[in-house]
Amino acid sequence: MSVTSVDKDFDSLSLTVTAEFPAGAEQVWQLWADPRRLERWWGPPTYPATVEKHQLTPGGEVAYFMTGPEGDEHHGWWHVTSVAPPASLEFTDGFADDKGNPSPGMPTTTVRVRLTPHGDDTRMELRSGFGTREQMEQLMTMGMEEGLKQAVGQMDELLSE
């Protein structure tokens with residue numbers, strides 16, 4: 001598995017997943033930049049994603065939904081704030097209703113992705129920041145930590161294709 005560490009820090013209100021891949025940064029970047037590849041790993045294996053909109057540019061939006069084992073759909077959105085291929089991506093991630101509208105009362109996270117060379121490999125740091133401790137606790141209770149570990153764990157197979 002590519003995940004090398006998971007750091008849950010309630011003091012800094014952050015969850016950081018670090019992974020290393022036996023691939024170049026451009027190859028890893030394509031797993032974010034190509035919506036068909038993104039939907040093959042964004043979400044745990046039992047909740048595959050479908051990307052409906054993918055504008056990976058500053059000010060752009062990504063709209064997606066995950067389909068659960070019972071056919072239930074869970075919608076989400078990103079508001080992209082910064083893109084510097086193949087090194088970094090920043091966005092706000094949130095929950096949405098079935099029409100793609102942000103869900104009021106549900107927490108959002110600020111996500112920062114960094115891809116850096118690590119020998120012949122690429123290290124990916126995916127850091128999620130939370131607005132409050134309560135929001136972080138809510139998302140941890142909903143399974144965010146394990147879900148991210150499982151999602152990132154699927155990237156290795158895509159890079160070997």
# chains A, B, ... in the order shown; residues from 1 in each chain; ligands from 1

call {"tool": "select_by_dssp", "arguments": {"residues": "chain A", "states": "helix (DSSP H, G or I)", "output": "PyMOL selection string"}}
result
chain A and resi 25-33+35-38+133-141+144-153+155-159

call {"tool": "select_by_dssp", "arguments": {"residues": "chain A", "states": "strand (DSSP E or B)", "output": "PDB file with N, CA, C and O atoms, in the first residue's frame"}}
result
ATOM      1  N   VAL A   3       0.179   4.311   1.164  1.00  0.00           N
ATOM      2  CA  VAL A   3       0.052   5.235   2.293  1.00  0.00           C
ATOM      3  C   VAL A   3       1.159   4.921   3.297  1.00  0.00           C
ATOM      4  O   VAL A   3       1.280   3.795   3.770  1.00  0.00           O
ATOM      5  N   THR A   4       1.982   5.942   3.590  1.00  0.00           N
ATOM      6  CA  THR A   4       3.082   5.742   4.523  1.00  0.00           C
ATOM      7  C   THR A   4       2.781   6.302   5.911  1.00  0.00           C
ATOM      8  O   THR A   4       3.369   5.858   6.886  1.00  0.00           O
ATOM      9  N   SER A   5       1.874   7.281   5.992  1.00  0.00           N
ATOM     10  CA  SER A   5       1.506   7.800   7.309  1.00  0.00           C
ATOM     11  C   SER A   5       0.180   8.546   7.241  1.00  0.00           C
ATOM     12  O   SER A   5      -0.206   9.052   6.182  1.00  0.00           O
ATOM     13  N   VAL A   6      -0.472   8.592   8.390  1.00  0.00           N
ATOM     14  CA  VAL A   6      -1.696   9.371   8.569  1.00  0.00           C
ATOM     15  C   VAL A   6      -1.525  10.122   9.881  1.00  0.00           C
ATOM     16  O   VAL A   6      -1.260   9.522  10.923  1.00  0.00           O
ATOM     17  N   ASP A   7      -1.621  11.439   9.808  1.00  0.00           N
ATOM     18  CA  ASP A   7      -1.437  12.272  10.986  1.00  0.00           C
ATOM     19  C   ASP A   7      -2.707  13.065  11.251  1.00  0.00           C
ATOM     20  O   ASP A   7      -3.059  13.952  10.481  1.00  0.00           O
ATOM     21  N   LYS A   8      -3.384  12.692  12.321  1.00  0.00           N
ATOM     22  CA  LYS A   8      -4.606  13.385  12.742  1.00  0.00           C
ATOM     23  C   LYS A   8      -4.214  14.311  13.888  1.00  0.00           C
ATOM     24  O   LYS A   8      -3.771  13.850  14.931  1.00  0.00           O
ATOM     25  N   ASP A   9      -4.344  15.630  13.661  1.00  0.00           N
ATOM     26  CA  ASP A   9      -3.877  16.609  14.638  1.00  0.00           C
ATOM     27  C   ASP A   9      -5.026  17.552  15.016  1.00  0.00           C
ATOM     28  O   ASP A   9      -5.357  18.472  14.277  1.00  0.00           O
ATOM     29  N   SER A  14      -6.173  19.374  11.546  1.00  0.00           N
ATOM     30  CA  SER A  14      -5.774  18.851  10.243  1.00  0.00           C
ATOM     31  C   SER A  14      -5.675  17.333  10.250  1.00  0.00           C
ATOM     32  O   SER A  14      -5.446  16.709  11.288  1.00  0.00           O
ATOM     33  N   LEU A  15      -5.855  16.778   9.069  1.00  0.00           N
ATOM     34  CA  LEU A  15      -5.645  15.362   8.807  1.00  0.00           C
ATOM     35  C   LEU A  15      -4.741  15.303   7.590  1.00  0.00           C
ATOM     36  O   LEU A  15      -5.093  15.828   6.528  1.00  0.00           O
ATOM     37  N   THR A  16      -3.556  14.683   7.736  1.00  0.00           N
ATOM     38  CA  THR A  16      -2.607  14.608   6.640  1.00  0.00           C
ATOM     39  C   THR A  16      -2.333  13.160   6.303  1.00  0.00           C
ATOM     40  O   THR A  16      -1.925  12.373   7.169  1.00  0.00           O
ATOM     41  N   VAL A  17      -2.582  12.811   5.050  1.00  0.00           N
ATOM     42  CA  VAL A  17      -2.269  11.479   4.531  1.00  0.00           C
ATOM     43  C   VAL A  17      -1.057  11.642   3.624  1.00  0.00           C
ATOM     44  O   VAL A  17      -1.072  12.447   2.697  1.00  0.00           O
ATOM     45  N   THR A  18      -0.005  10.866   3.915  1.00  0.00           N
ATOM     46  CA  THR A  18       1.201  10.888   3.099  1.00  0.00           C
ATOM     47  C   THR A  18       1.335   9.535   2.417  1.00  0.00           C
ATOM     48  O   THR A  18       1.139   8.493   3.051  1.00  0.00           O
ATOM     49  N   ALA A  19       1.651   9.588   1.133  1.00  0.00           N
ATOM     50  CA  ALA A  19       1.810   8.360   0.352  1.00  0.00           C
ATOM     51  C   ALA A  19       3.013   8.508  -0.565  1.00  0.00           C
ATOM     52  O   ALA A  19       3.389   9.623  -0.931  1.00  0.00           O
ATOM     53  N   GLU A  20       3.612   7.377  -0.915  1.00  0.00           N
ATOM     54  CA  GLU A  20       4.711   7.375  -1.871  1.00  0.00           C
ATOM     55  C   GLU A  20       4.367   6.414  -2.996  1.00  0.00           C
ATOM     56  O   GLU A  20       3.837   5.328  -2.765  1.00  0.00           O
ATOM     57  N   PHE A  21       4.687   6.852  -4.223  1.00  0.00           N
ATOM     58  CA  PHE A  21       4.357   6.075  -5.407  1.00  0.00           C
ATOM     59  C   PHE A  21       5.603   5.864  -6.260  1.00  0.00           C
ATOM     60  O   PHE A  21       6.388   6.794  -6.443  1.00  0.00           O
ATOM     61  N   ALA A  49     -16.700   6.765  -7.197  1.00  0.00           N
ATOM     62  CA  ALA A  49     -17.105   8.125  -7.567  1.00  0.00           C
ATOM     63  C   ALA A  49     -17.474   8.216  -9.039  1.00  0.00           C
ATOM     64  O   ALA A  49     -16.952   7.479  -9.877  1.00  0.00           O
ATOM     65  N   THR A  50     -18.352   9.139  -9.336  1.00  0.00           N
ATOM     66  CA  THR A  50     -18.672   9.545 -10.702  1.00  0.00           C
ATOM     67  C   THR A  50     -18.461  11.052 -10.755  1.00  0.00           C
ATOM     68  O   THR A  50     -19.081  11.788  -9.988  1.00  0.00           O
ATOM     69  N   VAL A  51     -17.553  11.488 -11.625  1.00  0.00           N
ATOM     70  CA  VAL A  51     -17.257  12.914 -11.742  1.00  0.00           C
ATOM     71  C   VAL A  51     -18.154  13.496 -12.830  1.00  0.00           C
ATOM     72  O   VAL A  51     -18.126  13.048 -13.974  1.00  0.00           O
ATOM     73  N   GLU A  52     -18.970  14.482 -12.447  1.00  0.00           N
ATOM     74  CA  GLU A  52     -19.911  15.091 -13.375  1.00  0.00           C
ATOM     75  C   GLU A  52     -19.379  16.377 -13.994  1.00  0.00           C
ATOM     76  O   GLU A  52     -19.772  16.755 -15.088  1.00  0.00           O
ATOM     77  N   LYS A  53     -18.512  17.071 -13.263  1.00  0.00           N
ATOM     78  CA  LYS A  53     -17.938  18.324 -13.732  1.00  0.00           C
ATOM     79  C   LYS A  53     -16.506  18.361 -13.230  1.00  0.00           C
ATOM     80  O   LYS A  53     -16.242  17.989 -12.076  1.00  0.00           O
ATOM     81  N   HIS A  54     -15.582  18.802 -14.089  1.00  0.00           N
ATOM     82  CA  HIS A  54     -14.167  18.774 -13.707  1.00  0.00           C
ATOM     83  C   HIS A  54     -13.439  19.953 -14.338  1.00  0.00           C
ATOM     84  O   HIS A  54     -13.007  19.901 -15.473  1.00  0.00           O
ATOM     85  N   GLU A  61     -14.617  24.400 -10.702  1.00  0.00           N
ATOM     86  CA  GLU A  61     -15.410  23.538  -9.829  1.00  0.00           C
ATOM     87  C   GLU A  61     -15.323  22.090 -10.284  1.00  0.00           C
ATOM     88  O   GLU A  61     -15.191  21.812 -11.476  1.00  0.00           O
ATOM     89  N   VAL A  62     -15.402  21.213  -9.311  1.00  0.00           N
ATOM     90  CA  VAL A  62     -15.508  19.784  -9.558  1.00  0.00           C
ATOM     91  C   VAL A  62     -16.778  19.336  -8.847  1.00  0.00           C
ATOM     92  O   VAL A  62     -17.012  19.705  -7.696  1.00  0.00           O
ATOM     93  N   ALA A  63     -17.619  18.594  -9.550  1.00  0.00           N
ATOM     94  CA  ALA A  63     -18.846  18.047  -8.956  1.00  0.00           C
ATOM     95  C   ALA A  63     -18.800  16.533  -9.137  1.00  0.00           C
ATOM     96  O   ALA A  63     -18.444  16.040 -10.206  1.00  0.00           O
ATOM     97  N   TYR A  64     -19.161  15.811  -8.099  1.00  0.00           N
ATOM     98  CA  TYR A  64     -19.082  14.354  -8.141  1.00  0.00           C
ATOM     99  C   TYR A  64     -20.125  13.758  -7.201  1.00  0.00           C
ATOM    100  O   TYR A  64     -20.721  14.454  -6.378  1.00  0.00           O
ATOM    101  N   PHE A  65     -20.333  12.465  -7.363  1.00  0.00           N
ATOM    102  CA  PHE A  65     -21.101  11.738  -6.358  1.00  0.00           C
ATOM    103  C   PHE A  65     -20.493  10.357  -6.194  1.00  0.00           C
ATOM    104  O   PHE A  65     -19.858   9.825  -7.100  1.00  0.00           O
ATOM    105  N   MET A  66     -20.658   9.808  -5.003  1.00  0.00           N
ATOM    106  CA  MET A  66     -20.202   8.463  -4.695  1.00  0.00           C
ATOM    107  C   MET A  66     -21.435   7.596  -4.550  1.00  0.00           C
ATOM    108  O   MET A  66     -22.427   8.023  -3.958  1.00  0.00           O
ATOM    109  N   THR A  67     -21.356   6.396  -5.076  1.00  0.00           N
ATOM    110  CA  THR A  67     -22.483   5.468  -5.006  1.00  0.00           C
ATOM    111  C   THR A  67     -22.153   4.371  -4.005  1.00  0.00           C
ATOM    112  O   THR A  67     -21.154   3.658  -4.159  1.00  0.00           O
ATOM    113  N   GLU A  73     -26.618   7.540  -3.247  1.00  0.00           N
ATOM    114  CA  GLU A  73     -25.676   8.506  -3.803  1.00  0.00           C
ATOM    115  C   GLU A  73     -25.357   9.595  -2.779  1.00  0.00           C
ATOM    116  O   GLU A  73     -26.253  10.100  -2.113  1.00  0.00           O
ATOM    117  N   HIS A  74     -24.065   9.926  -2.704  1.00  0.00           N
ATOM    118  CA  HIS A  74     -23.574  10.961  -1.802  1.00  0.00           C
ATOM    119  C   HIS A  74     -22.820  11.982  -2.651  1.00  0.00           C
ATOM    120  O   HIS A  74     -21.764  11.662  -3.197  1.00  0.00           O
ATOM    121  N   HIS A  75     -23.373  13.176  -2.773  1.00  0.00           N
ATOM    122  CA  HIS A  75     -22.836  14.199  -3.668  1.00  0.00           C
ATOM    123  C   HIS A  75     -21.833  15.102  -2.957  1.00  0.00           C
ATOM    124  O   HIS A  75     -21.953  15.354  -1.758  1.00  0.00           O
ATOM    125  N   GLY A  76     -20.874  15.595  -3.740  1.00  0.00           N
ATOM    126  CA  GLY A  76     -19.868  16.492  -3.197  1.00  0.00           C
ATOM    127  C   GLY A  76     -19.405  17.488  -4.246  1.00  0.00           C
ATOM    128  O   GLY A  76     -19.723  17.355  -5.437  1.00  0.00           O
ATOM    129  N   TRP A  77     -18.663  18.475  -3.804  1.00  0.00           N
ATOM    130  CA  TRP A  77     -18.152  19.524  -4.693  1.00  0.00           C
ATOM    131  C   TRP A  77     -16.779  19.973  -4.225  1.00  0.00           C
ATOM    132  O   TRP A  77     -16.434  19.815  -3.057  1.00  0.00           O
ATOM    133  N   TRP A  78     -16.014  20.498  -5.176  1.00  0.00           N
ATOM    134  CA  TRP A  78     -14.760  21.186  -4.875  1.00  0.00           C
ATOM    135  C   TRP A  78     -14.852  22.568  -5.482  1.00  0.00           C
ATOM    136  O   TRP A  78     -15.363  22.733  -6.584  1.00  0.00           O
ATOM    137  N   HIS A  79     -14.312  23.554  -4.796  1.00  0.00           N
ATOM    138  CA  HIS A  79     -14.049  24.876  -5.360  1.00  0.00           C
ATOM    139  C   HIS A  79     -12.526  24.989  -5.406  1.00  0.00           C
ATOM    140  O   HIS A  79     -11.876  25.029  -4.363  1.00  0.00           O
ATOM    141  N   VAL A  80     -11.973  24.994  -6.608  1.00  0.00           N
ATOM    142  CA  VAL A  80     -10.524  24.974  -6.803  1.00  0.00           C
ATOM    143  C   VAL A  80      -9.976  26.377  -6.573  1.00  0.00           C
ATOM    144  O   VAL A  80     -10.460  27.349  -7.159  1.00  0.00           O
ATOM    145  N   THR A  81      -8.949  26.473  -5.721  1.00  0.00           N
ATOM    146  CA  THR A  81      -8.361  27.768  -5.413  1.00  0.00           C
ATOM    147  C   THR A  81      -6.977  27.948  -6.017  1.00  0.00           C
ATOM    148  O   THR A  81      -6.581  29.069  -6.327  1.00  0.00           O
ATOM    149  N   SER A  82      -6.235  26.857  -6.206  1.00  0.00           N
ATOM    150  CA  SER A  82      -4.880  26.962  -6.730  1.00  0.00           C
ATOM    151  C   SER A  82      -4.501  25.675  -7.447  1.00  0.00           C
ATOM    152  O   SER A  82      -4.794  24.581  -6.950  1.00  0.00           O
ATOM    153  N   VAL A  83      -3.854  25.824  -8.607  1.00  0.00           N
ATOM    154  CA  VAL A  83      -3.409  24.672  -9.392  1.00  0.00           C
ATOM    155  C   VAL A  83      -2.024  24.989  -9.950  1.00  0.00           C
ATOM    156  O   VAL A  83      -1.843  26.010 -10.610  1.00  0.00           O
ATOM    157  N   ALA A  84      -1.060  24.110  -9.688  1.00  0.00           N
ATOM    158  CA  ALA A  84       0.292  24.261 -10.232  1.00  0.00           C
ATOM    159  C   ALA A  84       0.793  22.879 -10.659  1.00  0.00           C
ATOM    160  O   ALA A  84       1.542  22.229  -9.932  1.00  0.00           O
ATOM    161  N   SER A  88       1.156  20.888  -7.271  1.00  0.00           N
ATOM    162  CA  SER A  88       0.239  21.201  -6.178  1.00  0.00           C
ATOM    163  C   SER A  88      -1.165  21.530  -6.664  1.00  0.00           C
ATOM    164  O   SER A  88      -1.369  21.938  -7.808  1.00  0.00           O
ATOM    165  N   LEU A  89      -2.087  21.340  -5.748  1.00  0.00           N
ATOM    166  CA  LEU A  89      -3.503  21.592  -5.981  1.00  0.00           C
ATOM    167  C   LEU A  89      -4.103  21.970  -4.637  1.00  0.00           C
ATOM    168  O   LEU A  89      -3.792  21.356  -3.621  1.00  0.00           O
ATOM    169  N   GLU A  90      -4.971  22.990  -4.635  1.00  0.00           N
ATOM    170  CA  GLU A  90      -5.690  23.358  -3.419  1.00  0.00           C
ATOM    171  C   GLU A  90      -7.152  23.585  -3.760  1.00  0.00           C
ATOM    172  O   GLU A  90      -7.468  24.165  -4.803  1.00  0.00           O
ATOM    173  N   PHE A  91      -8.031  23.113  -2.871  1.00  0.00           N
ATOM    174  CA  PHE A  91      -9.464  23.272  -3.091  1.00  0.00           C
ATOM    175  C   PHE A  91     -10.221  23.156  -1.783  1.00  0.00           C
ATOM    176  O   PHE A  91      -9.705  22.644  -0.798  1.00  0.00           O
ATOM    177  N   THR A  92     -11.443  23.666  -1.791  1.00  0.00           N
ATOM    178  CA  THR A  92     -12.371  23.465  -0.692  1.00  0.00           C
ATOM    179  C   THR A  92     -13.283  22.324  -1.108  1.00  0.00           C
ATOM    180  O   THR A  92     -13.767  22.285  -2.239  1.00  0.00           O
ATOM    181  N   ASP A  93     -13.507  21.383  -0.197  1.00  0.00           N
ATOM    182  CA  ASP A  93     -14.303  20.181  -0.471  1.00  0.00           C
ATOM    183  C   ASP A  93     -15.513  20.191   0.451  1.00  0.00           C
ATOM    184  O   ASP A  93     -15.379  20.468   1.647  1.00  0.00           O
ATOM    185  N   GLY A  94     -16.687  19.915  -0.117  1.00  0.00           N
ATOM    186  CA  GLY A  94     -17.886  19.919   0.706  1.00  0.00           C
ATOM    187  C   GLY A  94     -18.933  18.939   0.218  1.00  0.00           C
ATOM    188  O   GLY A  94     -18.812  18.344  -0.853  1.00  0.00           O
ATOM    189  N   PHE A  95     -19.962  18.787   1.009  1.00  0.00           N
ATOM    190  CA  PHE A  95     -21.096  17.925   0.687  1.00  0.00           C
ATOM    191  C   PHE A  95     -22.121  18.717  -0.110  1.00  0.00           C
ATOM    192  O   PHE A  95     -22.224  19.930   0.023  1.00  0.00           O
ATOM    193  N   ALA A  96     -22.893  18.014  -0.937  1.00  0.00           N
ATOM    194  CA  ALA A  96     -23.906  18.666  -1.767  1.00  0.00           C
ATOM    195  C   ALA A  96     -25.186  17.852  -1.764  1.00  0.00           C
ATOM    196  O   ALA A  96     -25.192  16.664  -1.432  1.00  0.00           O
ATOM    197  N   PRO A 102     -24.354  23.134  -2.364  1.00  0.00           N
ATOM    198  CA  PRO A 102     -23.726  22.851  -1.075  1.00  0.00           C
ATOM    199  C   PRO A 102     -24.771  22.584   0.006  1.00  0.00           C
ATOM    200  O   PRO A 102     -25.800  23.254   0.072  1.00  0.00           O
ATOM    201  N   THR A 109     -13.937  21.182   4.098  1.00  0.00           N
ATOM    202  CA  THR A 109     -12.518  21.089   4.412  1.00  0.00           C
ATOM    203  C   THR A 109     -11.723  21.847   3.355  1.00  0.00           C
ATOM    204  O   THR A 109     -12.156  21.965   2.206  1.00  0.00           O
ATOM    205  N   THR A 110     -10.591  22.363   3.774  1.00  0.00           N
ATOM    206  CA  THR A 110      -9.659  22.992   2.855  1.00  0.00           C
ATOM    207  C   THR A 110      -8.573  21.962   2.587  1.00  0.00           C
ATOM    208  O   THR A 110      -7.917  21.493   3.524  1.00  0.00           O
ATOM    209  N   VAL A 111      -8.421  21.574   1.321  1.00  0.00           N
ATOM    210  CA  VAL A 111      -7.514  20.488   0.959  1.00  0.00           C
ATOM    211  C   VAL A 111      -6.307  21.051   0.212  1.00  0.00           C
ATOM    212  O   VAL A 111      -6.459  21.865  -0.695  1.00  0.00           O
ATOM    213  N   ARG A 112      -5.132  20.589   0.615  1.00  0.00           N
ATOM    214  CA  ARG A 112      -3.893  20.964  -0.051  1.00  0.00           C
ATOM    215  C   ARG A 112      -3.162  19.687  -0.452  1.00  0.00           C
ATOM    216  O   ARG A 112      -2.878  18.845   0.401  1.00  0.00           O
ATOM    217  N   VAL A 113      -2.875  19.548  -1.731  1.00  0.00           N
ATOM    218  CA  VAL A 113      -2.147  18.387  -2.253  1.00  0.00           C
ATOM    219  C   VAL A 113      -0.781  18.873  -2.711  1.00  0.00           C
ATOM    220  O   VAL A 113      -0.690  19.858  -3.453  1.00  0.00           O
ATOM    221  N   ARG A 114       0.275  18.176  -2.289  1.00  0.00           N
ATOM    222  CA  ARG A 114       1.634  18.494  -2.718  1.00  0.00           C
ATOM    223  C   ARG A 114       2.279  17.222  -3.249  1.00  0.00           C
ATOM    224  O   ARG A 114       2.251  16.174  -2.574  1.00  0.00           O
ATOM    225  N   LEU A 115       2.854  17.311  -4.422  1.00  0.00           N
ATOM    226  CA  LEU A 115       3.602  16.201  -5.024  1.00  0.00           C
ATOM    227  C   LEU A 115       5.059  16.615  -5.111  1.00  0.00           C
ATOM    228  O   LEU A 115       5.374  17.643  -5.725  1.00  0.00           O
ATOM    229  N   THR A 116       5.949  15.820  -4.505  1.00  0.00           N
ATOM    230  CA  THR A 116       7.371  16.149  -4.512  1.00  0.00           C
ATOM    231  C   THR A 116       8.191  14.913  -4.848  1.00  0.00           C
ATOM    232  O   THR A 116       7.817  13.788  -4.469  1.00  0.00           O
ATOM    233  N   PRO A 117       9.319  15.100  -5.546  1.00  0.00           N
ATOM    234  CA  PRO A 117      10.203  13.964  -5.828  1.00  0.00           C
ATOM    235  C   PRO A 117      10.758  13.392  -4.527  1.00  0.00           C
ATOM    236  O   PRO A 117      11.063  14.150  -3.589  1.00  0.00           O
ATOM    237  N   HIS A 118      10.874  12.093  -4.484  1.00  0.00           N
ATOM    238  CA  HIS A 118      11.457  11.409  -3.332  1.00  0.00           C
ATOM    239  C   HIS A 118      12.278  10.257  -3.889  1.00  0.00           C
ATOM    240  O   HIS A 118      11.761   9.149  -4.061  1.00  0.00           O
ATOM    241  N   ASP A 121      10.858   8.061  -6.713  1.00  0.00           N
ATOM    242  CA  ASP A 121       9.417   8.008  -6.452  1.00  0.00           C
ATOM    243  C   ASP A 121       8.845   9.418  -6.329  1.00  0.00           C
ATOM    244  O   ASP A 121       9.559  10.411  -6.412  1.00  0.00           O
ATOM    245  N   THR A 122       7.540   9.463  -6.091  1.00  0.00           N
ATOM    246  CA  THR A 122       6.863  10.731  -5.821  1.00  0.00           C
ATOM    247  C   THR A 122       6.148  10.607  -4.488  1.00  0.00           C
ATOM    248  O   THR A 122       5.425   9.634  -4.246  1.00  0.00           O
ATOM    249  N   ARG A 123       6.358  11.597  -3.644  1.00  0.00           N
ATOM    250  CA  ARG A 123       5.648  11.655  -2.364  1.00  0.00           C
ATOM    251  C   ARG A 123       4.449  12.588  -2.540  1.00  0.00           C
ATOM    252  O   ARG A 123       4.580  13.686  -3.076  1.00  0.00           O
ATOM    253  N   MET A 124       3.293  12.124  -2.098  1.00  0.00           N
ATOM    254  CA  MET A 124       2.083  12.941  -2.129  1.00  0.00           C
ATOM    255  C   MET A 124       1.658  13.202  -0.687  1.00  0.00           C
ATOM    256  O   MET A 124       1.508  12.277   0.098  1.00  0.00           O
ATOM    257  N   GLU A 125       1.467  14.488  -0.388  1.00  0.00           N
ATOM    258  CA  GLU A 125       0.934  14.878   0.906  1.00  0.00           C
ATOM    259  C   GLU A 125      -0.443  15.487   0.652  1.00  0.00           C
ATOM    260  O   GLU A 125      -0.563  16.461  -0.081  1.00  0.00           O
ATOM    261  N   LEU A 126      -1.460  14.885   1.232  1.00  0.00           N
ATOM    262  CA  LEU A 126      -2.828  15.360   1.098  1.00  0.00           C
ATOM    263  C   LEU A 126      -3.271  15.824   2.490  1.00  0.00           C
ATOM    264  O   LEU A 126      -3.441  15.000   3.382  1.00  0.00           O
ATOM    265  N   ARG A 127      -3.375  17.140   2.645  1.00  0.00           N
ATOM    266  CA  ARG A 127      -3.703  17.713   3.958  1.00  0.00           C
ATOM    267  C   ARG A 127      -5.094  18.329   3.917  1.00  0.00           C
ATOM    268  O   ARG A 127      -5.374  19.197   3.094  1.00  0.00           O
ATOM    269  N   SER A 128      -5.949  17.874   4.814  1.00  0.00           N
ATOM    270  CA  SER A 128      -7.297  18.428   4.961  1.00  0.00           C
ATOM    271  C   SER A 128      -7.331  19.276   6.223  1.00  0.00           C
ATOM    272  O   SER A 128      -6.968  18.799   7.300  1.00  0.00           O
ATOM    273  N   GLY A 129      -7.759  20.528   6.071  1.00  0.00           N
ATOM    274  CA  GLY A 129      -7.884  21.433   7.209  1.00  0.00           C
ATOM    275  C   GLY A 129      -9.353  21.654   7.539  1.00  0.00           C
ATOM    276  O   GLY A 129     -10.198  21.722   6.647  1.00  0.00           O
ATOM    277  N   PHE A 130      -9.648  21.769   8.820  1.00  0.00           N
ATOM    278  CA  PHE A 130     -11.022  21.896   9.305  1.00  0.00           C
ATOM    279  C   PHE A 130     -11.218  23.246   9.965  1.00  0.00           C
ATOM    280  O   PHE A 130     -10.291  23.801  10.550  1.00  0.00           O
TER     281      PHE A 130
END

call {"tool": "closest_residue", "arguments": {"among": "A:Leu148, A:Ala23, A:Leu13, A:Ala33", "to": "A:Pro45", "atoms": "only C-alpha atoms"}}
result
A:Leu148

call {"tool": "closest_residue", "arguments": {"among": "A:Gly68, A:Gly153, A:Gly59, A:Gly147", "to": "A:Gly43", "atoms": "only C-alpha atoms"}}
result
A:Gly147
